[in-house]
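> Here you go, target.txt (compact mmCIF, C-alpha atoms (C1' of nucleotides)):
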# COMPACT_ATOMS: atom_id res chain seq x y z
CA MET A 825 -12.75 -12.79 -26.48
CA ASP A 826 -13.33 -16.22 -25.01
CA GLN A 827 -10.32 -15.78 -22.83
CA LEU A 828 -11.84 -12.62 -21.38
CA PHE A 829 -15.20 -14.23 -20.70
CA GLN A 830 -13.51 -17.14 -18.99
CA TYR A 831 -11.82 -14.65 -16.73
CA PHE A 832 -15.19 -12.98 -16.07
CA ASN A 833 -16.73 -16.33 -15.17
CA LYS A 834 -14.52 -16.56 -12.13
CA PHE A 835 -16.18 -13.43 -10.75
CA ASN A 836 -19.72 -13.26 -12.07
CA PRO A 837 -20.91 -15.19 -15.12
CA LEU A 838 -22.72 -13.11 -17.72
CA ASP A 839 -25.59 -14.05 -20.01
CA GLN A 840 -25.18 -14.02 -23.78
CA GLU A 841 -26.64 -10.56 -24.22
CA ALA A 842 -24.39 -8.98 -21.65
CA MET A 843 -21.35 -10.64 -23.20
CA GLN A 844 -22.29 -9.27 -26.58
CA ALA A 845 -22.71 -5.83 -25.09
CA ILE A 846 -19.19 -5.97 -23.73
CA GLU A 847 -17.80 -7.33 -26.96
CA ALA A 848 -19.35 -4.37 -28.76
CA ILE A 849 -17.36 -1.86 -26.70
CA SER A 850 -14.07 -3.76 -26.81
CA ARG A 851 -11.29 -3.99 -29.30
CA ILE A 852 -8.11 -5.96 -29.55
CA ILE A 853 -4.86 -4.06 -29.57
CA THR A 854 -1.49 -5.42 -30.54
CA ILE A 855 1.42 -3.53 -29.13
CA LYS A 856 5.19 -3.85 -29.34
CA LYS A 857 7.53 -4.26 -26.45
CA ASN A 858 8.37 -1.03 -24.58
CA GLN A 859 5.55 0.96 -26.16
CA ASP A 860 3.17 2.93 -23.99
CA LEU A 861 -0.40 1.77 -24.04
CA GLN A 862 -1.41 4.91 -22.17
CA PRO A 863 0.84 7.91 -21.58
CA ILE A 864 1.40 9.86 -18.39
CA GLY A 865 -1.09 12.66 -17.85
CA HIS A 866 -3.89 10.89 -19.66
CA THR A 867 -7.15 10.23 -17.86
CA CYS A 868 -7.85 6.53 -17.72
CA LYS A 869 -10.76 5.72 -19.99
CA THR A 870 -9.98 2.13 -20.80
CA ILE A 871 -9.86 -1.13 -18.95
CA TYR A 872 -7.23 -3.48 -20.33
CA PHE A 873 -7.18 -7.24 -20.24
CA ILE A 874 -3.92 -8.95 -21.14
CA LYS A 875 -4.52 -11.75 -23.60
CA LYS A 876 -0.87 -12.34 -24.31
CA GLY A 877 2.32 -10.70 -23.13
CA MET A 878 2.66 -8.42 -20.16
CA ALA A 879 2.57 -4.81 -19.07
CA ARG A 880 3.43 -2.55 -16.18
CA ILE A 881 2.19 0.68 -14.69
CA TYR A 882 4.98 3.17 -14.05
CA TYR A 883 5.56 6.81 -13.23
CA TYR A 884 8.40 9.17 -12.59
CA LYS A 885 9.41 10.26 -9.13
CA ASP A 886 12.13 12.91 -9.13
CA GLY A 887 13.01 11.89 -12.65
CA ILE A 888 13.39 8.23 -11.77
CA ASP A 889 11.28 5.54 -13.40
CA ILE A 890 9.22 3.72 -10.76
CA THR A 891 7.21 0.58 -11.46
CA ASP A 892 3.89 0.66 -9.66
CA SER A 893 2.71 -2.80 -10.70
CA PHE A 894 3.02 -5.60 -13.22
CA ALA A 895 0.29 -7.53 -15.02
CA PHE A 896 0.66 -10.83 -16.81
CA GLU A 897 -1.63 -12.88 -19.05
CA ASN A 898 -5.26 -13.14 -18.02
CA LYS A 899 -5.17 -10.14 -15.77
CA ILE A 900 -6.83 -6.76 -15.88
CA ILE A 901 -4.61 -3.69 -15.80
CA VAL A 902 -6.05 -0.32 -14.93
CA ARG A 903 -4.99 2.93 -13.30
CA VAL A 904 -7.58 2.79 -10.59
CA GLU A 905 -6.79 6.22 -9.12
CA SER A 906 -7.70 7.79 -12.45
CA LEU A 907 -10.54 5.52 -13.60
CA PHE A 908 -12.50 6.01 -10.38
CA THR A 909 -11.86 9.71 -9.97
CA GLY A 910 -11.88 10.95 -13.56
CA LYS A 911 -8.65 12.78 -12.85
CA PRO A 912 -5.58 12.52 -15.09
CA SER A 913 -3.11 9.90 -13.98
CA ARG A 914 0.54 10.58 -13.27
CA LYS A 915 1.12 6.98 -14.27
CA ALA A 916 1.54 5.32 -17.65
CA ILE A 917 0.91 1.79 -18.86
CA GLN A 918 3.64 0.18 -20.92
CA ALA A 919 3.83 -3.17 -22.71
CA MET A 920 6.90 -5.06 -21.54
CA GLU A 921 6.68 -7.69 -24.26
CA ASP A 922 4.97 -7.76 -27.63
CA SER A 923 1.40 -8.11 -26.39
CA GLU A 924 -2.20 -8.64 -27.35
CA ILE A 925 -4.55 -6.71 -25.20
CA ILE A 926 -8.31 -6.35 -25.04
CA ALA A 927 -9.30 -2.73 -24.47
CA ILE A 928 -12.73 -2.09 -22.96
CA ASP A 929 -14.08 1.43 -23.27
CA ALA A 930 -14.73 2.47 -19.67
CA ALA A 931 -17.26 5.25 -20.34
CA LYS A 932 -19.35 2.91 -22.47
CA LEU A 933 -18.94 0.15 -19.90
CA PHE A 934 -20.24 2.37 -17.10
CA LYS A 935 -23.27 3.15 -19.25
CA LEU A 936 -23.96 -0.57 -19.60
CA TYR A 937 -24.21 -0.81 -15.81
CA ASP A 938 -27.78 0.58 -15.91
CA ARG A 939 -29.07 -1.92 -18.41
CA TYR A 940 -27.03 -4.93 -17.28
CA PRO A 941 -26.79 -5.17 -13.49
CA GLY A 942 -24.77 -8.35 -14.02
CA ILE A 943 -22.03 -6.29 -15.65
CA GLU A 944 -21.97 -3.79 -12.81
CA ARG A 945 -21.75 -6.67 -10.38
CA LEU A 946 -18.99 -8.35 -12.39
CA PHE A 947 -16.77 -5.31 -12.36
CA ARG A 948 -17.60 -4.56 -8.77
CA LYS A 949 -16.26 -7.99 -7.87
CA ILE A 950 -13.21 -7.70 -10.10
CA PHE A 951 -12.24 -4.45 -8.46
CA GLU A 952 -13.05 -5.72 -5.00
CA ALA A 953 -10.53 -8.48 -5.56
CA SER A 954 -7.96 -5.98 -6.70
CA HIS A 955 -8.77 -3.79 -3.70
CA VAL A 956 -8.01 -6.74 -1.41
CA GLU A 957 -4.68 -7.31 -3.17
CA THR A 958 -3.80 -3.67 -2.69
CA VAL A 959 -4.65 -3.75 1.02
CA ASN A 960 -2.51 -6.83 1.48
CA ARG A 961 0.34 -5.29 -0.43
CA ILE A 962 0.55 -2.42 2.04
CA GLU A 963 1.27 -4.86 4.82
CA GLY A 964 3.99 -6.46 2.71
CA ILE A 965 5.66 -3.18 1.93
CA GLN A 966 5.45 -1.75 5.39
CA PHE A 967 6.53 -4.64 7.52
CA HIS A 968 8.87 -6.79 5.51
CA SER A 969 12.46 -6.12 4.63
CA ALA A 970 13.45 -5.68 1.00
CA GLU A 971 14.91 -9.16 1.08
CA GLU A 972 11.67 -10.68 2.36
CA ARG A 973 9.68 -8.81 -0.27
CA TYR A 974 11.99 -10.04 -3.00
CA LYS A 975 11.68 -13.63 -1.86
CA ALA A 976 7.92 -13.32 -1.54
CA LEU A 977 7.73 -12.00 -5.08
CA LEU A 978 9.85 -14.88 -6.34
CA SER A 979 7.56 -17.45 -4.79
CA GLU A 980 4.39 -15.71 -6.03
CA ALA A 981 5.66 -15.14 -9.55
CA PRO A 982 8.78 -17.25 -10.08
CA ASP A 983 9.06 -16.47 -13.78
CA ILE A 984 9.04 -12.75 -13.22
CA ILE A 985 12.85 -12.48 -13.17
CA LYS A 986 13.00 -14.17 -16.54
CA ARG A 987 10.53 -11.76 -18.07
CA VAL A 988 11.22 -8.47 -16.34
CA PRO A 989 14.51 -6.52 -16.12
CA LEU A 990 15.70 -6.38 -12.53
CA LYS A 991 15.66 -2.61 -12.41
CA TYR A 992 11.88 -2.66 -12.78
CA ILE A 993 11.55 -5.27 -10.07
CA ALA A 994 13.74 -3.15 -7.82
CA SER A 995 11.53 -0.08 -8.03
CA TYR A 996 8.44 -2.25 -7.66
CA LEU A 997 9.94 -3.53 -4.40
CA GLY A 998 10.72 0.03 -3.36
CA ILE A 999 14.50 -0.27 -3.50
CA THR A 1000 17.30 0.75 -5.86
CA PRO A 1001 18.66 -1.66 -8.48
CA VAL A 1002 21.92 -1.62 -6.56
CA SER A 1003 20.20 -2.81 -3.41
CA LEU A 1004 18.38 -5.56 -5.25
CA SER A 1005 21.63 -6.73 -6.76
CA ARG A 1006 23.19 -6.79 -3.31
CA ILE A 1007 20.29 -8.83 -1.95
CA ARG A 1008 20.55 -11.27 -4.82
CA GLY A 1009 24.31 -11.48 -4.46
CA GLN A 1010 24.49 -12.47 -0.81
CA ARG A 1011 24.07 -16.21 -1.14
CA MET B 1132 -29.20 7.66 10.86
CA ASP B 1133 -29.40 11.01 9.09
CA GLN B 1134 -25.68 11.38 9.43
CA LEU B 1135 -25.18 8.09 7.58
CA PHE B 1136 -27.54 9.01 4.75
CA GLN B 1137 -25.84 12.34 4.33
CA TYR B 1138 -22.60 10.44 3.91
CA PHE B 1139 -24.29 8.16 1.37
CA ASN B 1140 -25.54 11.18 -0.59
CA LYS B 1141 -21.99 12.11 -1.46
CA PHE B 1142 -21.65 8.81 -3.35
CA ASN B 1143 -25.07 7.79 -4.63
CA PRO B 1144 -28.33 9.18 -3.21
CA LEU B 1145 -30.90 6.56 -2.26
CA ASP B 1146 -34.67 6.71 -2.44
CA GLN B 1147 -36.80 6.47 0.67
CA GLU B 1148 -37.44 2.76 0.33
CA ALA B 1149 -33.78 1.89 -0.04
CA MET B 1150 -32.91 4.02 2.97
CA GLN B 1151 -35.50 2.21 5.04
CA ALA B 1152 -34.13 -1.12 3.90
CA ILE B 1153 -30.69 -0.13 5.13
CA GLU B 1154 -32.05 1.25 8.37
CA ALA B 1155 -33.74 -2.11 8.96
CA ILE B 1156 -30.42 -3.97 8.89
CA SER B 1157 -28.47 -1.45 10.94
CA ARG B 1158 -28.10 -0.82 14.62
CA ILE B 1159 -26.35 1.76 16.72
CA ILE B 1160 -23.59 0.57 18.98
CA THR B 1161 -22.03 2.53 21.79
CA ILE B 1162 -18.59 1.41 22.75
CA LYS B 1163 -16.05 2.50 25.32
CA LYS B 1164 -12.52 3.63 24.60
CA ASN B 1165 -10.03 0.80 24.01
CA GLN B 1166 -12.70 -1.86 23.54
CA ASP B 1167 -12.61 -4.10 20.50
CA LEU B 1168 -15.50 -3.72 18.12
CA GLN B 1169 -14.35 -6.84 16.30
CA PRO B 1170 -11.71 -9.24 17.55
CA ILE B 1171 -8.82 -10.78 15.64
CA GLY B 1172 -9.72 -13.99 13.86
CA HIS B 1173 -13.30 -13.01 13.27
CA THR B 1174 -14.66 -12.91 9.74
CA CYS B 1175 -15.86 -9.44 8.89
CA LYS B 1176 -19.64 -9.45 8.66
CA THR B 1177 -20.36 -5.86 9.50
CA ILE B 1178 -19.75 -2.49 7.93
CA TYR B 1179 -19.22 0.24 10.49
CA PHE B 1180 -19.92 3.93 10.16
CA ILE B 1181 -18.48 6.21 12.81
CA LYS B 1182 -21.10 8.62 14.07
CA LYS B 1183 -19.02 9.90 16.94
CA GLY B 1184 -15.56 9.04 18.22
CA MET B 1185 -12.91 7.14 16.37
CA ALA B 1186 -11.50 3.70 15.76
CA ARG B 1187 -8.51 1.93 14.32
CA ILE B 1188 -7.78 -1.39 12.63
CA TYR B 1189 -4.79 -3.16 14.15
CA TYR B 1190 -3.07 -6.52 14.19
CA TYR B 1191 -0.07 -8.18 15.71
CA LYS B 1192 3.13 -8.73 13.83
CA ASP B 1193 5.70 -10.75 15.79
CA GLY B 1194 3.84 -9.88 18.97
CA ILE B 1195 3.92 -6.15 18.26
CA ASP B 1196 0.75 -4.10 17.91
CA ILE B 1197 0.56 -2.56 14.43
CA THR B 1198 -2.02 0.02 13.42
CA ASP B 1199 -3.28 -0.60 9.92
CA SER B 1200 -5.55 2.44 9.67
CA PHE B 1201 -7.55 5.02 11.55
CA ALA B 1202 -11.12 6.18 11.01
CA PHE B 1203 -12.70 9.35 12.35
CA GLU B 1204 -16.26 10.68 12.41
CA ASN B 1205 -18.31 10.25 9.25
CA LYS B 1206 -16.16 7.52 7.84
CA ILE B 1207 -16.72 3.87 7.12
CA ILE B 1208 -14.40 1.35 8.73
CA VAL B 1209 -14.18 -2.17 7.40
CA ARG B 1210 -11.66 -4.98 7.11
CA VAL B 1211 -11.83 -5.18 3.36
CA GLU B 1212 -9.59 -8.23 3.04
CA SER B 1213 -12.08 -10.22 5.10
CA LEU B 1214 -15.37 -8.70 3.95
CA PHE B 1215 -14.62 -9.34 0.29
CA THR B 1216 -13.10 -12.78 0.67
CA GLY B 1217 -15.19 -14.28 3.48
CA LYS B 1218 -11.97 -15.32 5.18
CA PRO B 1219 -11.23 -14.58 8.85
CA SER B 1220 -9.26 -11.44 9.39
CA ARG B 1221 -5.98 -11.26 11.28
CA LYS B 1222 -6.96 -7.72 12.11
CA ALA B 1223 -9.19 -6.28 14.81
CA ILE B 1224 -11.19 -3.07 15.05
CA GLN B 1225 -10.87 -1.08 18.24
CA ALA B 1226 -12.58 2.07 19.46
CA MET B 1227 -9.98 4.65 20.41
CA GLU B 1228 -12.46 6.94 22.13
CA ASP B 1229 -15.91 6.39 23.58
CA SER B 1230 -17.79 6.08 20.32
CA GLU B 1231 -21.17 5.78 18.67
CA ILE B 1232 -21.10 3.57 15.66
CA ILE B 1233 -23.67 2.44 13.13
CA ALA B 1234 -23.26 -1.26 12.35
CA ILE B 1235 -24.65 -2.48 9.04
CA ASP B 1236 -25.09 -6.23 8.68
CA ALA B 1237 -23.02 -7.10 5.60
CA ALA B 1238 -24.72 -10.38 4.69
CA LYS B 1239 -28.13 -8.71 4.77
CA LEU B 1240 -26.75 -5.74 2.87
CA PHE B 1241 -25.44 -7.95 0.08
CA LYS B 1242 -28.89 -9.50 -0.20
CA LEU B 1243 -30.39 -6.06 -0.66
CA TYR B 1244 -28.19 -5.58 -3.71
CA ASP B 1245 -30.55 -7.67 -5.84
CA ARG B 1246 -33.66 -5.72 -4.97
CA TYR B 1247 -32.05 -2.26 -4.75
CA PRO B 1248 -29.47 -1.68 -7.48
CA GLY B 1249 -28.98 1.80 -6.02
CA ILE B 1250 -27.62 0.23 -2.87
CA GLU B 1251 -25.19 -1.96 -4.78
CA ARG B 1252 -24.07 1.09 -6.70
CA LEU B 1253 -23.71 3.14 -3.53
CA PHE B 1254 -21.42 0.64 -1.87
CA ARG B 1255 -19.53 0.03 -5.07
CA LYS B 1256 -18.71 3.73 -5.16
CA ILE B 1257 -17.86 3.89 -1.46
CA PHE B 1258 -15.39 1.06 -1.82
CA GLU B 1259 -14.01 2.40 -5.08
CA ALA B 1260 -13.11 5.58 -3.23
CA SER B 1261 -11.44 3.58 -0.51
CA HIS B 1262 -9.63 1.53 -3.15
CA VAL B 1263 -8.21 4.73 -4.61
CA GLU B 1264 -7.04 5.84 -1.17
CA THR B 1265 -5.31 2.52 -0.69
CA VAL B 1266 -3.54 2.72 -4.04
CA ASN B 1267 -2.34 6.21 -3.26
CA ARG B 1268 -1.17 5.15 0.16
CA ILE B 1269 1.18 2.59 -1.35
CA GLU B 1270 2.98 5.34 -3.20
CA GLY B 1271 3.27 7.30 0.03
CA ILE B 1272 4.70 4.41 1.95
CA GLN B 1273 7.08 3.27 -0.70
CA PHE B 1274 8.61 6.49 -1.86
CA HIS B 1275 8.59 8.89 1.00
CA SER B 1276 10.79 8.93 4.06
CA ALA B 1277 9.26 8.43 7.49
CA GLU B 1278 9.65 12.14 8.11
CA GLU B 1279 7.78 13.04 4.93
CA ARG B 1280 5.00 10.59 5.78
CA TYR B 1281 4.66 12.06 9.25
CA LYS B 1282 4.43 15.58 7.91
CA ALA B 1283 1.93 14.51 5.25
CA LEU B 1284 -0.21 12.89 7.94
CA LEU B 1285 -0.10 16.05 10.02
CA SER B 1286 -1.32 18.18 7.16
CA GLU B 1287 -4.08 15.70 6.19
CA ALA B 1288 -5.30 15.16 9.75
CA PRO B 1289 -3.80 17.84 11.98
CA ASP B 1290 -5.82 16.85 15.04
CA ILE B 1291 -4.64 13.25 14.89
CA ILE B 1292 -1.79 13.82 17.33
CA LYS B 1293 -4.20 15.22 19.86
CA ARG B 1294 -6.49 12.21 19.62
CA VAL B 1295 -4.16 9.30 19.00
CA PRO B 1296 -1.18 8.11 21.10
CA LEU B 1297 2.03 8.50 19.16
CA LYS B 1298 2.88 4.82 19.33
CA TYR B 1299 -0.14 4.06 17.17
CA ILE B 1300 0.81 6.75 14.69
CA ALA B 1301 4.33 5.32 14.58
CA SER B 1302 3.23 1.84 13.57
CA TYR B 1303 0.74 3.33 11.10
CA LEU B 1304 3.67 5.15 9.51
CA GLY B 1305 5.68 1.94 9.51
CA ILE B 1306 8.29 3.02 12.05
CA THR B 1307 9.02 2.44 15.73
CA PRO B 1308 7.81 4.88 18.40
CA VAL B 1309 11.45 5.70 19.08
CA SER B 1310 11.99 6.75 15.49
CA LEU B 1311 8.87 8.86 15.47
CA SER B 1312 9.99 10.61 18.61
CA ARG B 1313 13.35 11.29 17.02
CA ILE B 1314 11.67 12.75 13.93
CA ARG B 1315 9.47 14.97 16.07
CA GLY B 1316 12.41 16.02 18.21
CA GLN B 1317 14.71 17.30 15.49
CA ARG B 1318 13.40 20.82 15.17
C1' DC C 1244 -4.21 12.45 45.74
C1' DT C 1245 -0.88 8.94 45.16
C1' DG C 1246 1.35 5.00 43.49
C1' DA C 1247 1.48 2.20 39.50
C1' DT C 1248 1.27 1.75 34.88
C1' DT C 1249 1.82 3.44 30.27
C1' DA C 1250 3.69 6.65 26.87
C1' DT C 1251 7.35 9.47 25.23
C1' DT C 1252 11.93 11.08 24.91
C1' DT C 1253 16.92 10.73 24.80
C1' DA C 1254 21.20 8.26 24.17
C1' DT C 1255 24.22 4.69 22.18
C1' DC C 1256 25.31 1.30 19.04
C1' DT C 1257 24.13 -1.55 14.90
C1' DT C 1258 22.39 -2.43 10.40
C1' DA C 1259 19.95 -2.06 6.02
C1' DT C 1260 19.63 0.72 2.33
C1' DG C 1261 20.87 4.87 -0.41
C1' DA C 1262 24.26 7.49 -3.38
C1' DT C 1263 27.86 7.37 -6.23
C1' DA C 1264 31.30 5.45 -9.17
C1' DA C 1265 33.37 2.07 -11.96
C1' DG C 1266 33.61 -2.16 -14.31
C1' DA C 1267 31.55 -6.56 -16.35
C1' DG C 1268 28.09 -8.57 -18.99
C1' DA C 1269 24.04 -8.48 -22.29
C1' DA C 1270 21.35 -6.77 -25.77
C1' DT C 1271 20.70 -4.29 -29.93
C1' DA C 1272 21.39 -1.52 -34.09
C1' DG C 1273 23.74 -0.96 -37.98
C1' DC D 1499 30.32 -9.03 -36.31
C1' DT D 1500 31.30 -4.94 -33.90
C1' DA D 1501 30.39 -0.90 -31.47
C1' DT D 1502 27.25 1.30 -28.72
C1' DT D 1503 24.04 1.39 -25.35
C1' DC D 1504 21.68 -0.65 -21.62
C1' DT D 1505 21.68 -3.66 -17.53
C1' DC D 1506 23.66 -5.69 -13.67
C1' DT D 1507 27.18 -6.25 -10.20
C1' DT D 1508 30.67 -4.85 -6.92
C1' DA D 1509 32.86 -1.59 -3.87
C1' DT D 1510 32.99 2.44 -0.81
C1' DC D 1511 31.05 5.73 2.03
C1' DA D 1512 26.95 8.16 4.16
C1' DT D 1513 22.58 8.07 6.49
C1' DA D 1514 17.96 6.82 8.19
C1' DA D 1515 15.91 3.83 11.02
C1' DG D 1516 16.09 -0.39 14.25
C1' DA D 1517 17.26 -2.39 18.93
C1' DT D 1518 18.03 -1.71 23.42
C1' DA D 1519 18.23 0.71 27.73
C1' DA D 1520 17.21 4.27 30.83
C1' DA D 1521 15.12 8.59 32.18
C1' DT D 1522 10.99 11.64 32.11
C1' DA D 1523 6.33 12.61 31.50
C1' DA D 1524 1.58 11.57 31.34
C1' DT D 1525 -2.39 8.83 32.50
C1' DC D 1526 -5.19 5.93 35.30
C1' DA D 1527 -7.06 3.06 39.09
C1' DG D 1528 -8.10 2.90 43.64
Mind turning this structure into structure tokens?


Amino acid sequence: MDQLFQYFNKFNPLDQEAMQAIEAISRIITIKKNQDLQPIGHTCKTIYFIKKGMARIYYYKDGIDITDSFAFENKIIVRVESLFTGKPSRKAIQAMEDSEIIAIDAAKLFKLYDRYPGIERLFRKIFEASHVETVNRIEGIQFHSAEERYKALLSEAPDIIKRVPLKYIASYLGITPVSLSRIRGQR
Amino acid sequence: MDQLFQYFNKFNPLDQEAMQAIEAISRIITIKKNQDLQPIGHTCKTIYFIKKGMARIYYYKDGIDITDSFAFENKIIVRVESLFTGKPSRKAIQAMEDSEIIAIDAAKLFKLYDRYPGIERLFRKIFEASHVETVNRIEGIQFHSAEERYKALLSEAPDIIKRVPLKYIASYLGITPVSLSRIRGQR
DNA sequence: CTGATTATTTATCTTATGATAAGAGAATAG
DNA sequence: CTATTCTCTTATCATAAGATAAATAATCAG
């Protein structure tokens, strides 16, 4: 749990009582590579923190597996469009390596917001940061070529190609695996 | 101000005192068509609510004017990536019609969060909703053709073509004005 | 109202990426 | 270890969108 609270400290430090309250609604999950943490069609009721390993959010478009996003160690992974709307998500969360994940019960967390304003503030800030990332990503997708996006990804997360099959990177970049291979090849 | 509080009610109703506190840090701006509400390079310190008229967020990429987003009546418009990071924004906000806009001082607003948890909660929910929109937009950009995106925009905001020059819609859709014209022409 | 500016369309040519297919290379189960 | 399956690359052809230029159409300032 320490690892989680260290992550929290970067956004909004909590007092002992608040930390205990969060600990009480969390549990540690171990999950094998390629298993779904949350299936498609499920309403998001959990906030996940990756202690060890990695995961991705994916969905199917016209029968094709599309990676929406990746999350590595010490990151939160959540299907925002379901968590904040209460609607079922068309996306799933899948472990991409054997992983240890802290699962925080979202309904219980939201209830804590009334008693612990520091917790509400913490998660507000966490999601604000992720909101900013999302806004910036739009610019990247819309106005950079696939090649530029691939190179940008490499410099942001150089180890990603060692840990993630290229086909998942391709759909994350919005291109086919064939195109990604072509981009990688020309050199 | 009524119009603003009605908008707030859809997210988290405020008590009288909280409403007055917000009113005290807000002012109404009237602005002419094509004027900048906020220039490029400025750090976002204001949250705008469009009472009447409309606005867009834009920036320059390689010297070309790119529209990031539009906002119509009864919507908030904000450069999230600057407001939440405190960094200067490469984007500007421009009125696209003669407009009346409520400007809420962000620094003062954030100070109100401590005394009025309802206000913190209100804005948390407002930005959560905008976060969800942003996440969904990524999917639209990445996995739909320009033609599909144009048609989707038309059905979401049918009057947009009457109010917004096509060149702005084109860059919002991530294509050139020439391409948009071609898409519109084929029919 | 009129000329000047700005926005939109149309045409031509180029290019990046998609679709498909086939083969090479890795990973995995038994 | 071997066979099967999965992943990646390479090649070919098709297509959507970019770049550029030029012609209309619409808007705006005086």

> With only C-alpha atoms (C1' of nucleotides) counted and 10 Å as the cut-off, give the residues of chain B in contact with chain D, each with its shortest interatomic distance in Å and the pair that gives it, as a tab-separated table.


residue	atom	partner	partner_atom	distance
B:Ser1276	CA	D:DA1514	C1'	8.5
B:Ala1277	CA	D:DA1515	C1'	8.8
B:Glu1278	CA	D:DA1514	C1'	9.9
B:Ile1306	CA	D:DA1515	C1'	7.7
B:Thr1307	CA	D:DG1516	C1'	7.8
B:Val1309	CA	D:DG1516	C1'	9.1
B:Ser1310	CA	D:DA1515	C1'	6.6
B:Leu1311	CA	D:DA1515	C1'	9.7
B:Arg1313	CA	D:DA1515	C1'	9.9

> Please measure the separation of CA of Pro1296 (chain B) and C1' of DC1244 (chain C), giving the value in Å to one decimal.

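Taking CA of Pro1296 (chain B) as the start and C1' of DC1244 (chain C) as the end point, the length is 25.2 Å.
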
> Rounded to one decimal place, report the CA of Leu828 (chain A)-CA of Ala953 (chain A) distance in Å.

16.4 Å

> Just give me the gap between CA of Leu838 (chain A) and CA of Glu1251 (chain B) in Å, one decimal is fine.

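Spanning CA of Leu838 (chain A) to CA of Glu1251 (chain B) is a straight-line distance of 17.3 Å.
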
> What's around Tyr831 (chain A) at 12 Å? Count only C-alpha atoms (C1' of nucleotides), leave out sequence neighbours fewer than 4 positions away in its own chain, and write the answer as a list in words.

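Listing them by chain and then by number gives Met825, Asp826, Gln827, Phe835, Asn836, Pro837, Leu838, Phe873, Ile874, Lys875, Glu897, Asn898, Lys899, Ile900, Leu946, Phe947, Lys949 and Ile950 of chain A.
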
> Kindly determine which residues of chain A lie within 7 Å of chain B, considering all atoms listed in the file, and give the answer as a list in words.

Val904, Glu905, Phe908, Arg948, Glu952, His955, Val956, Thr958, Val959, Ile962, Gln966, Phe967 and Gly998 of chain A

> At a cut-off of 12 Å, which residues of chain C touch chain B? Count all atoms listed in the file and give the answer as a PyMOL selection string.

chain C and resi 1249-1254+1261

> Let me know the centre plus edge lengths, in Å and rounded to one decimal, of a box with edges along x, y and z that contains all listed atoms of region 849-858 of chain A and is padded by 4 Å on every side, as lines of an AutoDock Vina configuration file.


center_x = -4.5
center_y = -3.5
center_z = -27.6
size_x = 33.7
size_y = 12.9
size_z = 14.0

> Leaving out Met1227 (chain B) and any residue of its chain fewer than 5 positions from it, which residues lie within 6 Å of it when counting only C-alpha atoms (C1' of nucleotides), given as a PDB file with C-alpha atoms, in the frame of the given file?


ATOM      1  CA  LYS B1164     -12.520   3.630  24.600  1.00  0.00           C
ATOM      2  CA  ASN B1165     -10.030   0.800  24.010  1.00  0.00           C
ATOM      3  CA  MET B1185     -12.910   7.140  16.370  1.00  0.00           C
ATOM      4  CA  ALA B1186     -11.500   3.700  15.760  1.00  0.00           C
TER       5      ALA B1186
END

> Under the rule that all atoms listed in the file are counted, which of B:Ser1220, B:Gln1225, B:Ser1286, B:Gln1317 is the nearest residue to Thr1174 (chain B)?

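Smallest distance to Thr1174 (chain B) is found for B:Ser1220.
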